[in-house]
$ cat run_3.cif   # mmCIF, C-alpha atoms
data_data
#
loop_
_atom_site.label_atom_id
_atom_site.label_comp_id
_atom_site.auth_asym_id
_atom_site.auth_seq_id
_atom_site.Cartn_x
_atom_site.Cartn_y
_atom_site.Cartn_z
CA MET Y 22 7.14 1.15 -27.90
CA SER Y 23 7.58 -0.04 -24.33
CA ILE Y 24 6.24 1.70 -21.27
CA THR Y 25 9.16 3.38 -19.53
CA SER Y 26 7.39 5.79 -17.17
CA PRO Y 27 6.46 4.65 -13.65
CA ILE Y 28 3.25 2.72 -13.94
CA PRO Y 29 1.23 1.17 -11.13
CA VAL Y 30 0.04 -2.39 -10.82
CA LEU Y 31 -3.73 -2.48 -10.58
CA HIS Y 32 -5.41 -4.98 -8.24
CA GLY Y 33 -9.12 -5.29 -8.92
CA ASP Y 34 -11.99 -7.34 -7.61
CA ARG Y 35 -11.96 -11.14 -7.62
CA GLY Y 36 -8.17 -11.25 -7.76
CA THR Y 37 -7.89 -9.42 -11.10
CA GLU Y 38 -4.50 -7.86 -11.81
CA LEU Y 39 -3.46 -5.51 -14.61
CA ARG Y 40 0.14 -4.48 -15.17
CA SER Y 41 2.57 -3.44 -17.88
CA GLU Y 42 4.95 -6.01 -19.23
CA GLY Y 43 7.43 -5.29 -22.00
CA GLU Y 44 5.64 -4.09 -25.13
CA GLY Y 45 2.15 -4.52 -23.76
CA LEU Y 46 -0.12 -5.23 -20.83
CA LEU Y 47 -0.75 -8.37 -18.83
CA LEU Y 48 -4.30 -8.87 -17.57
CA ARG Y 49 -4.54 -11.74 -15.11
CA ARG Y 50 -7.96 -12.99 -14.13
CA ARG Y 51 -9.15 -15.91 -12.04
CA ASP Y 52 -9.02 -18.50 -14.82
CA ASP Y 53 -6.79 -16.99 -17.50
CA GLU Y 54 -4.29 -14.30 -18.36
CA LEU Y 55 -4.24 -12.09 -21.43
CA ARG Y 56 -1.18 -10.54 -23.02
CA ILE Y 57 -2.32 -7.42 -24.84
CA PRO Y 58 0.29 -5.76 -27.09
CA LEU Y 59 0.30 -1.98 -27.26
CA VAL Y 60 -0.39 -2.07 -31.02
CA ALA Y 61 -3.74 -3.74 -30.24
CA ILE Y 62 -4.87 -0.97 -27.87
CA ALA Y 63 -6.84 2.02 -29.10
CA ARG Y 64 -6.97 3.75 -25.73
CA VAL Y 65 -7.27 3.16 -22.00
CA ARG Y 66 -10.04 4.89 -20.06
CA ALA Y 67 -10.00 5.59 -16.33
CA GLU Y 68 -13.42 6.12 -14.81
CA ARG Y 69 -13.22 6.64 -11.06
CA ARG Y 70 -12.23 3.22 -9.66
CA ALA Y 71 -12.41 1.35 -12.97
CA VAL Y 72 -10.07 0.99 -15.95
CA THR Y 73 -11.22 -0.05 -19.41
CA ILE Y 74 -8.89 -1.19 -22.18
CA GLU Y 75 -10.43 -0.52 -25.60
CA LEU Y 76 -8.86 -2.47 -28.45
CA THR Y 77 -8.53 -1.32 -32.03
CA ALA Y 78 -11.27 -2.35 -34.43
CA PRO Y 79 -12.02 -1.89 -38.14
CA ALA Y 80 -14.47 0.85 -39.02
CA GLY Y 81 -18.08 -0.13 -38.45
CA THR Y 82 -17.30 -2.89 -35.93
CA GLU Y 83 -17.66 -2.88 -32.16
CA PRO Y 84 -14.26 -2.79 -30.41
CA THR Y 85 -13.42 -5.42 -27.81
CA GLU Y 86 -12.99 -4.10 -24.27
CA TYR Y 87 -11.43 -5.48 -21.11
CA GLY Y 88 -12.05 -3.95 -17.72
CA VAL Y 89 -10.74 -3.95 -14.17
CA THR Y 90 -12.91 -2.58 -11.38
CA ASP Y 91 -12.55 -1.75 -7.69
CA VAL Y 92 -9.06 -0.28 -8.02
CA SER Y 93 -7.58 2.88 -6.55
CA ALA Y 94 -8.89 5.92 -8.42
CA ALA Y 95 -5.46 7.58 -8.28
CA ALA Y 96 -3.77 4.43 -9.57
CA ALA Y 97 -6.36 4.08 -12.36
CA THR Y 98 -5.66 7.61 -13.61
CA ALA Y 99 -1.88 7.16 -13.45
CA PHE Y 100 -2.15 3.82 -15.25
CA ALA Y 101 -4.32 5.18 -18.07
CA ASP Y 102 -2.11 8.25 -18.58
CA ALA Y 103 1.07 6.16 -18.76
CA VAL Y 104 -0.33 3.58 -21.19
CA ASN Y 105 -1.98 6.13 -23.47
CA ALA Y 106 1.30 8.06 -23.64
CA ALA Y 107 3.10 4.88 -24.72
CA LEU Y 108 0.69 3.84 -27.48
CA PRO Y 109 2.20 3.84 -30.98
CA GLU Y 110 1.30 6.75 -33.22
CA ARG Y 111 -1.21 6.01 -35.96
CA THR Y 112 -1.93 8.02 -39.08
CA ALA Y 113 -5.45 9.01 -39.99
CA ASP Y 114 -5.44 6.89 -43.17
CA GLU Y 115 -3.96 3.82 -41.50
CA PRO Y 116 -6.54 0.99 -41.47
CA ALA Y 117 -7.37 -0.23 -37.98
CA VAL Y 118 -6.82 -3.91 -37.29
CA ASP Y 119 -8.94 -6.07 -35.04
CA GLY Y 120 -6.94 -5.83 -31.83
CA SER Y 121 -8.60 -8.92 -30.35
CA THR Y 122 -6.73 -11.09 -32.91
CA LEU Y 123 -3.41 -9.92 -31.43
CA VAL Y 124 -4.26 -10.83 -27.84
CA VAL Y 125 -2.64 -14.00 -26.52
CA THR Y 126 -4.68 -15.92 -23.95
CA ARG Y 127 -3.32 -18.53 -21.56
CA SER Y 128 -5.51 -20.64 -19.32
CA LEU Y 129 -4.67 -20.70 -15.62
CA VAL Y 130 -6.95 -23.64 -14.90
CA SER Y 131 -5.01 -26.72 -13.84
CA GLY Y 132 -4.48 -28.92 -16.86
CA GLY Y 133 -5.57 -26.22 -19.33
CA ASP Y 134 -3.65 -25.59 -22.52
CA GLY Y 135 -2.46 -22.20 -23.65
CA GLU Y 136 -4.15 -20.61 -26.64
CA ASP Y 137 -2.33 -18.34 -29.03
CA GLY Y 138 -4.07 -15.57 -30.35
CA GLU Y 139 17.55 8.17 -14.91
CA ASP Y 140 15.49 9.67 -12.23
CA GLY Y 141 15.95 11.82 -9.18
CA GLU Y 142 16.51 10.22 -5.78
CA ALA Y 143 14.91 10.77 -2.41
CA ASP Y 144 15.36 9.43 1.08
CA ASP Y 145 13.95 6.10 2.14
CA ALA Y 146 10.18 5.87 1.95
CA ARG Y 147 8.50 5.54 5.29
CA PRO Y 148 5.02 5.40 6.78
CA ARG Y 149 3.59 8.55 8.29
CA GLY Y 150 4.83 9.30 11.77
CA LEU Y 151 2.71 9.86 14.83
CA PRO Y 152 0.45 12.88 14.15
CA LYS Y 153 1.08 16.03 16.20
CA PRO Y 154 -2.12 15.71 18.29
CA ALA Y 155 -1.04 12.22 19.34
CA LYS Y 156 2.44 13.50 20.25
CA TRP Y 157 0.93 16.24 22.42
CA ALA Y 158 -1.39 13.67 24.00
CA THR Y 159 1.64 11.49 24.82
CA TRP Y 160 3.45 14.38 26.52
CA ALA Y 161 0.30 15.37 28.41
CA THR Y 162 -0.22 11.78 29.59
CA ASN Y 163 3.37 11.53 30.78
CA GLY Y 164 2.91 14.76 32.73
CA ALA Y 165 -0.34 13.51 34.24
CA ILE Y 166 1.33 10.27 35.38
CA ALA Y 167 4.15 12.26 37.00
CA VAL Y 168 1.64 14.48 38.83
CA LEU Y 169 -0.33 11.42 39.94
CA ALA Y 170 2.84 9.75 41.27
CA VAL Y 171 3.72 12.83 43.32
CA ALA Y 172 0.16 13.05 44.64
CA VAL Y 173 0.22 9.37 45.63
CA GLY Y 174 3.53 9.81 47.46
CA VAL Y 175 2.29 12.87 49.35
CA ALA Y 176 -1.16 11.46 50.19
CA ASP Y 177 0.10 8.04 51.25
CA ARG Y 178 3.33 9.37 52.81
CA ASN Y 179 4.93 6.46 51.02
CA TRP Y 180 7.22 7.47 48.20
CA GLY Y 181 7.73 3.85 47.29
CA ARG Y 182 4.11 3.69 46.19
CA GLY Y 183 4.54 6.94 44.30
CA ILE Y 184 7.61 5.66 42.45
CA ALA Y 185 5.84 2.37 41.66
CA THR Y 186 2.88 4.35 40.28
CA LEU Y 187 5.22 6.38 38.09
CA LEU Y 188 7.04 3.32 36.71
CA LEU Y 189 3.86 1.32 36.11
CA GLY Y 190 2.19 4.35 34.53
CA GLU Y 191 5.08 4.89 32.14
CA LEU Y 192 4.94 1.20 31.23
CA ALA Y 193 1.24 1.58 30.47
CA ILE Y 194 1.93 4.59 28.26
CA GLY Y 195 4.60 2.66 26.38
CA ALA Y 196 2.23 -0.25 25.79
CA VAL Y 197 -0.54 2.09 24.61
CA PHE Y 198 1.91 3.80 22.25
CA LEU Y 199 3.00 0.46 20.76
CA ALA Y 200 -0.60 -0.66 20.31
CA TRP Y 201 -1.59 2.67 18.76
CA ALA Y 202 1.39 2.72 16.39
CA GLY Y 203 0.71 -0.88 15.35
CA LEU Y 204 -2.98 -0.24 14.69
CA MET Y 205 -2.11 2.90 12.71
CA SER Y 206 0.31 0.83 10.62
CA VAL Y 207 -2.37 -1.81 9.98
CA TRP Y 208 -4.86 0.88 8.99
CA GLU Y 209 -2.33 2.62 6.77
CA GLY Y 210 -1.54 -0.66 5.01
CA TRP Y 211 -5.23 -1.24 4.35
CA TYR Y 212 -5.77 2.34 3.15
CA LEU Y 213 -2.79 2.44 0.78
CA ARG Y 214 -3.55 -1.03 -0.58
CA ARG Y 215 -7.06 0.14 -1.50
CA TYR Y 216 -6.54 3.81 -2.40
CA GLY Y 217 -2.81 4.15 -3.04
CA ILE Y 218 -0.71 3.39 -6.12
CA THR Y 219 0.85 -0.06 -6.25
CA VAL Y 220 4.18 -0.58 -8.03
CA GLU Y 221 6.85 -3.25 -8.13
CA THR Y 222 10.28 -2.49 -6.74
CA ARG Y 223 13.66 -3.40 -8.15
CA GLN Y 224 16.54 -4.62 -6.01
CA VAL Y 225 19.53 -2.29 -5.83
CA TYR Y 226 22.75 -2.13 -3.84
CA ARG Y 227 22.79 0.95 -1.62
CA ASN Y 228 24.77 1.97 1.45
CA GLY Y 229 26.49 -1.40 1.61
CA THR Y 230 23.34 -3.53 1.50
CA ASP Y 231 20.66 -4.76 -0.86
CA THR Y 232 17.46 -2.74 -0.73
CA ASN Y 233 14.39 -2.18 -2.88
CA ALA Y 234 13.84 0.88 -5.06
CA TYR Y 235 10.67 2.19 -6.65
CA THR Y 236 9.95 5.19 -8.83
CA ALA Y 237 6.75 7.13 -8.19
CA THR Y 238 4.74 9.18 -10.67
CA ASP Y 239 6.74 12.27 -9.67
CA GLY Y 240 9.82 10.64 -11.20
CA VAL Y 241 11.67 10.38 -7.88
CA THR Y 242 13.27 7.10 -6.82
CA ARG Y 243 12.74 6.03 -3.21
CA TYR Y 244 13.88 3.03 -1.20
CA VAL Y 245 12.12 0.57 1.08
CA GLY Y 246 13.17 -2.51 2.99
CA GLY Y 247 11.38 -5.84 3.11
CA THR Y 248 11.52 -9.16 1.31
CA ASP Y 249 8.96 -11.51 -0.19
CA LYS Y 250 10.69 -14.91 -0.19
CA GLY Y 251 12.83 -14.10 -3.18
CA ARG Y 252 10.01 -12.57 -5.21
CA THR Y 253 9.74 -8.94 -6.28
CA VAL Y 254 8.57 -6.70 -3.45
CA ARG Y 255 5.51 -4.58 -4.13
CA VAL Y 256 4.76 -1.31 -2.40
CA ALA Y 257 1.73 0.96 -2.30
CA TYR Y 258 2.36 4.67 -1.92
CA HIS Y 259 0.12 7.66 -1.27
CA PRO Y 260 -0.81 9.41 -4.55
CA ARG Y 261 -0.20 12.88 -3.08
CA LYS Y 262 2.66 11.90 -0.76
CA PRO Y 263 4.81 9.38 -2.69
CA GLY Y 264 7.24 9.16 0.24
CA THR Y 265 4.50 7.55 2.32
CA ALA Y 266 4.60 3.89 1.38
CA VAL Y 267 4.08 0.41 2.76
CA VAL Y 268 5.38 -2.96 1.64
CA LEU Y 269 2.44 -5.12 0.62
CA THR Y 270 2.27 -8.40 2.54
CA GLY Y 271 0.04 -11.44 2.40
CA LEU Y 272 -3.28 -11.84 4.18
CA GLY Y 273 -1.75 -14.09 6.85
CA ASP Y 274 0.87 -11.48 7.75
CA ARG Y 275 -1.77 -8.75 7.94
CA ILE Y 276 -4.03 -10.82 10.19
CA GLY Y 277 -1.07 -11.74 12.39
CA GLY Y 278 -0.09 -8.08 12.74
CA LEU Y 279 -3.63 -7.11 13.70
CA ILE Y 280 -3.83 -9.86 16.32
CA LEU Y 281 -0.49 -8.78 17.79
CA CYS Y 282 -1.70 -5.17 18.04
CA LEU Y 283 -4.88 -6.27 19.80
CA VAL Y 284 -2.88 -8.39 22.26
CA ILE Y 285 -0.63 -5.43 23.06
CA ALA Y 286 -3.71 -3.24 23.49
CA GLY Y 287 -5.12 -5.78 25.96
CA ILE Y 288 -1.86 -5.82 27.92
CA ALA Y 289 -1.89 -2.01 27.98
CA GLY Y 290 -5.40 -2.08 29.43
CA LEU Y 291 -4.33 -4.50 32.17
CA ILE Y 292 -1.34 -2.34 33.09
CA ALA Y 293 -3.55 0.78 33.19
CA TRP Y 294 -5.93 -1.04 35.52
CA GLY Y 295 -2.93 -1.90 37.71
CA VAL Y 296 -1.99 1.80 37.91
CA VAL Y 297 -5.49 2.65 39.14
CA ALA Y 298 -5.48 -0.21 41.64
CA LEU Y 299 -2.09 0.91 42.97
CA ALA Y 300 -2.95 4.60 43.25
CA LEU Y 301 -6.49 4.50 44.70
CA PRO Y 302 -5.60 3.21 48.21
CA ALA Y 303 -3.42 6.29 48.73
CA PHE Y 304 -6.52 8.47 48.57
CA GLY Y 305 -8.62 6.23 50.77
CA GLY Y 306 -10.25 4.48 47.80
#
$ encode --input "run_3.cif" --output "structure tokens"
Amino acid sequence: MSITSPIPVLHGDRGTELRSEGEGLLLRRRDDELRIPLVAIARVRAERRAVTIELTAPAGTEPTEYGVTDVSAAAATAFADAVNAALPERTADEPAVDGSTLVVTRSLVSGGDGEDGEDGEADDARPRGLPKPAKWATWATNGAIAVLAVAVGVADRNWGRGIATLLLGELAIGAVFLAWAGLMSVWEGWYLRRYGITVETRQVYRNGTDTNAYTATDGVTRYVGGTDKGRTVRVAYHPRKPGTAVVLTGLGDRIGGLILCLVIAGIAGLIAWGVVALALPAFGG
């Protein structure tokens, strides 16, 4: 029995990855990967931010277990529920086999040899927008800049300075908004990568272009953009708000995005200092 319900990909500590694949699970660790068929699994346990795969074992013997730790608690629960629901039914009098004999292990060390052993649809997924307090703060700041520009023009009797203050102030607000939005996006990516549910997308043709679709645990299909050099795109979505999702990128891209946000924040600070330097002389400063 294959796993057909939406199931997350679990990313644990030390690069460990656990995912469904066909009629079983694929557990990839630093030095090897294990293909665990469903018939070899007795149950999957989710304990906070850890998942344990318990294999079948004959009566009186200790079952073999594999674990993944430091994963999203929501993803761990969704993963365990989906796998347990897909396990084959067993009768009470059916003798249990040693599941460890059915696991196929392949070495990932260079030079090592292998060892045998339809849903509903929703709109495009998107990150959370600017929260309402931040929107009100933006409007209030725009109003304050307008009042300051008028005050500068009246105090200095030079409306050119007032207009320059208004334009430079609006530029500063725009730069601050870009920096804030970028930093929020970086934070959201970090949060969803750690606490969200990670799934792989599938490429579909929609609205005249190729896009990526994923199905969340609520059974609804959503769409995201983004590419990963020809590989399958992975997204992480919020467990309680499946429409809030981010495309997972590499460490280099994340560091580059953070640096860009900090640069924009620095530019915003310089522009804000310019607004102060322009406005102060009008008041005798």
$ closest_residue --input "run_3.cif" --among "Y:Thr122, Y:Thr90, Y:Thr230, Y:Thr265" --to "Glu68 of chain Y" --atoms "all atoms listed in the file"
Y:Thr90
$ resolve_selection --input "run_3.cif" --expression "the PyMOL selection byres ((chain Y and resi 292) around 10)" --output "PyMOL selection string"
chain Y and resi 189-194+196-197+286-291+293-298
$ closest_residue --input "run_3.cif" --among "Y:Leu269, Y:Val65, Y:Ile276, Y:Val284" --to "Ala103 of chain Y" --atoms "all atoms listed in the file"
Y:Val65
$ closest_residue --input "run_3.cif" --among "Y:Leu301, Y:Ala95, Y:Ala257, Y:Ala78" --to "Asp177 of chain Y" --atoms "all atoms listed in the file"
Y:Leu301
$ atom_distance --input "run_3.cif" --atom1 "atom CA of Thr126 of chain Y" --atom2 "atom CA of Ile57 of chain Y"
8.9 Å
$ closest_residue --input "run_3.cif" --among "Y:Thr242, Y:Asn163, Y:Thr219, Y:Asn233" --to "Leu39 of chain Y" --atoms "all atoms listed in the file"
Y:Thr219
$ closest_residue --input "run_3.cif" --among "Y:Ala200, Y:Leu169, Y:Leu272, Y:Leu55" --to "Leu188 of chain Y" --atoms "only C-alpha atoms"
Y:Leu169
$ closest_residue --input "run_3.cif" --among "Y:Ala63, Y:Leu299, Y:Ala202, Y:Ile218" --to "Gly278 of chain Y" --atoms "all atoms listed in the file"
Y:Ala202
$ residues_around --input "run_3.cif" --residues "segment 45-47 of chain Y" --least-positions-apart "3" --cutoff "8 Å" --atoms "all atoms listed in the file" --output "mmCIF file with C-alpha atoms, in the frame of the given file"
data_model
loop_
_atom_site.group_PDB
_atom_site.id
_atom_site.type_symbol
_atom_site.label_atom_id
_atom_site.label_comp_id
_atom_site.auth_asym_id
_atom_site.auth_seq_id
_atom_site.Cartn_x
_atom_site.Cartn_y
_atom_site.Cartn_z
ATOM 1 C CA SER Y 23 7.580 -0.040 -24.330
ATOM 2 C CA ILE Y 24 6.240 1.700 -21.270
ATOM 3 C CA GLU Y 38 -4.500 -7.860 -11.810
ATOM 4 C CA LEU Y 39 -3.460 -5.510 -14.610
ATOM 5 C CA ARG Y 40 0.140 -4.480 -15.170
ATOM 6 C CA SER Y 41 2.570 -3.440 -17.880
ATOM 7 C CA GLU Y 42 4.950 -6.010 -19.230
ATOM 8 C CA GLU Y 54 -4.290 -14.300 -18.360
ATOM 9 C CA LEU Y 55 -4.240 -12.090 -21.430
ATOM 10 C CA ARG Y 56 -1.180 -10.540 -23.020
ATOM 11 C CA ILE Y 57 -2.320 -7.420 -24.840
ATOM 12 C CA PRO Y 58 0.290 -5.760 -27.090
ATOM 13 C CA LEU Y 59 0.300 -1.980 -27.260
#
$ resolve_selection --input "run_3.cif" --expression "the PyMOL selection byres ((chain Y and resi 220) around 6)" --output "CSV table (one decimal) with C-alpha atoms, in the coordinates of the input"
chain,number,residue,atom,x,y,z
Y,29,PRO,CA,1.2,1.2,-11.1
Y,30,VAL,CA,0.0,-2.4,-10.8
Y,219,THR,CA,0.8,-0.1,-6.2
Y,221,GLU,CA,6.8,-3.2,-8.1
Y,255,ARG,CA,5.5,-4.6,-4.1
Y,256,VAL,CA,4.8,-1.3,-2.4
$ resolve_selection --input "run_3.cif" --expression "the PyMOL selection byres ((chain Y and resi 261) around 12)" --output "PyMOL selection string"
chain Y and resi 95-96+99+213+216-218+237-239+258-260+262-266
$ residues_around --input "run_3.cif" --residues "Ala234 of chain Y" --least-positions-apart "2" --cutoff "7 Å" --atoms "only C-alpha atoms" --output "number ranges by chain"
Y: 222-225, 232, 236, 242-245
$ residues_around --input "run_3.cif" --residues "segment 109-118 of chain Y" --least-positions-apart "4" --cutoff "7 Å" --atoms "only C-alpha atoms" --output "ChimeraX atom specification"
/Y:22,60,77-79
$ atom_distance --input "run_3.cif" --atom1 "atom CA of Ala71 of chain Y" --atom2 "atom CA of Gly210 of chain Y"
21.1 Å
$ atom_distance --input "run_3.cif" --atom1 "atom CA of Arg127 of chain Y" --atom2 "atom CA of Asp53 of chain Y"
5.6 Å
$ residues_around --input "run_3.cif" --residues "Leu76 of chain Y" --least-positions-apart "5" --cutoff "6 Å" --atoms "all atoms listed in the file" --output "VMD selection string"
chain Y and resid 61 to 63 84 to 85 120
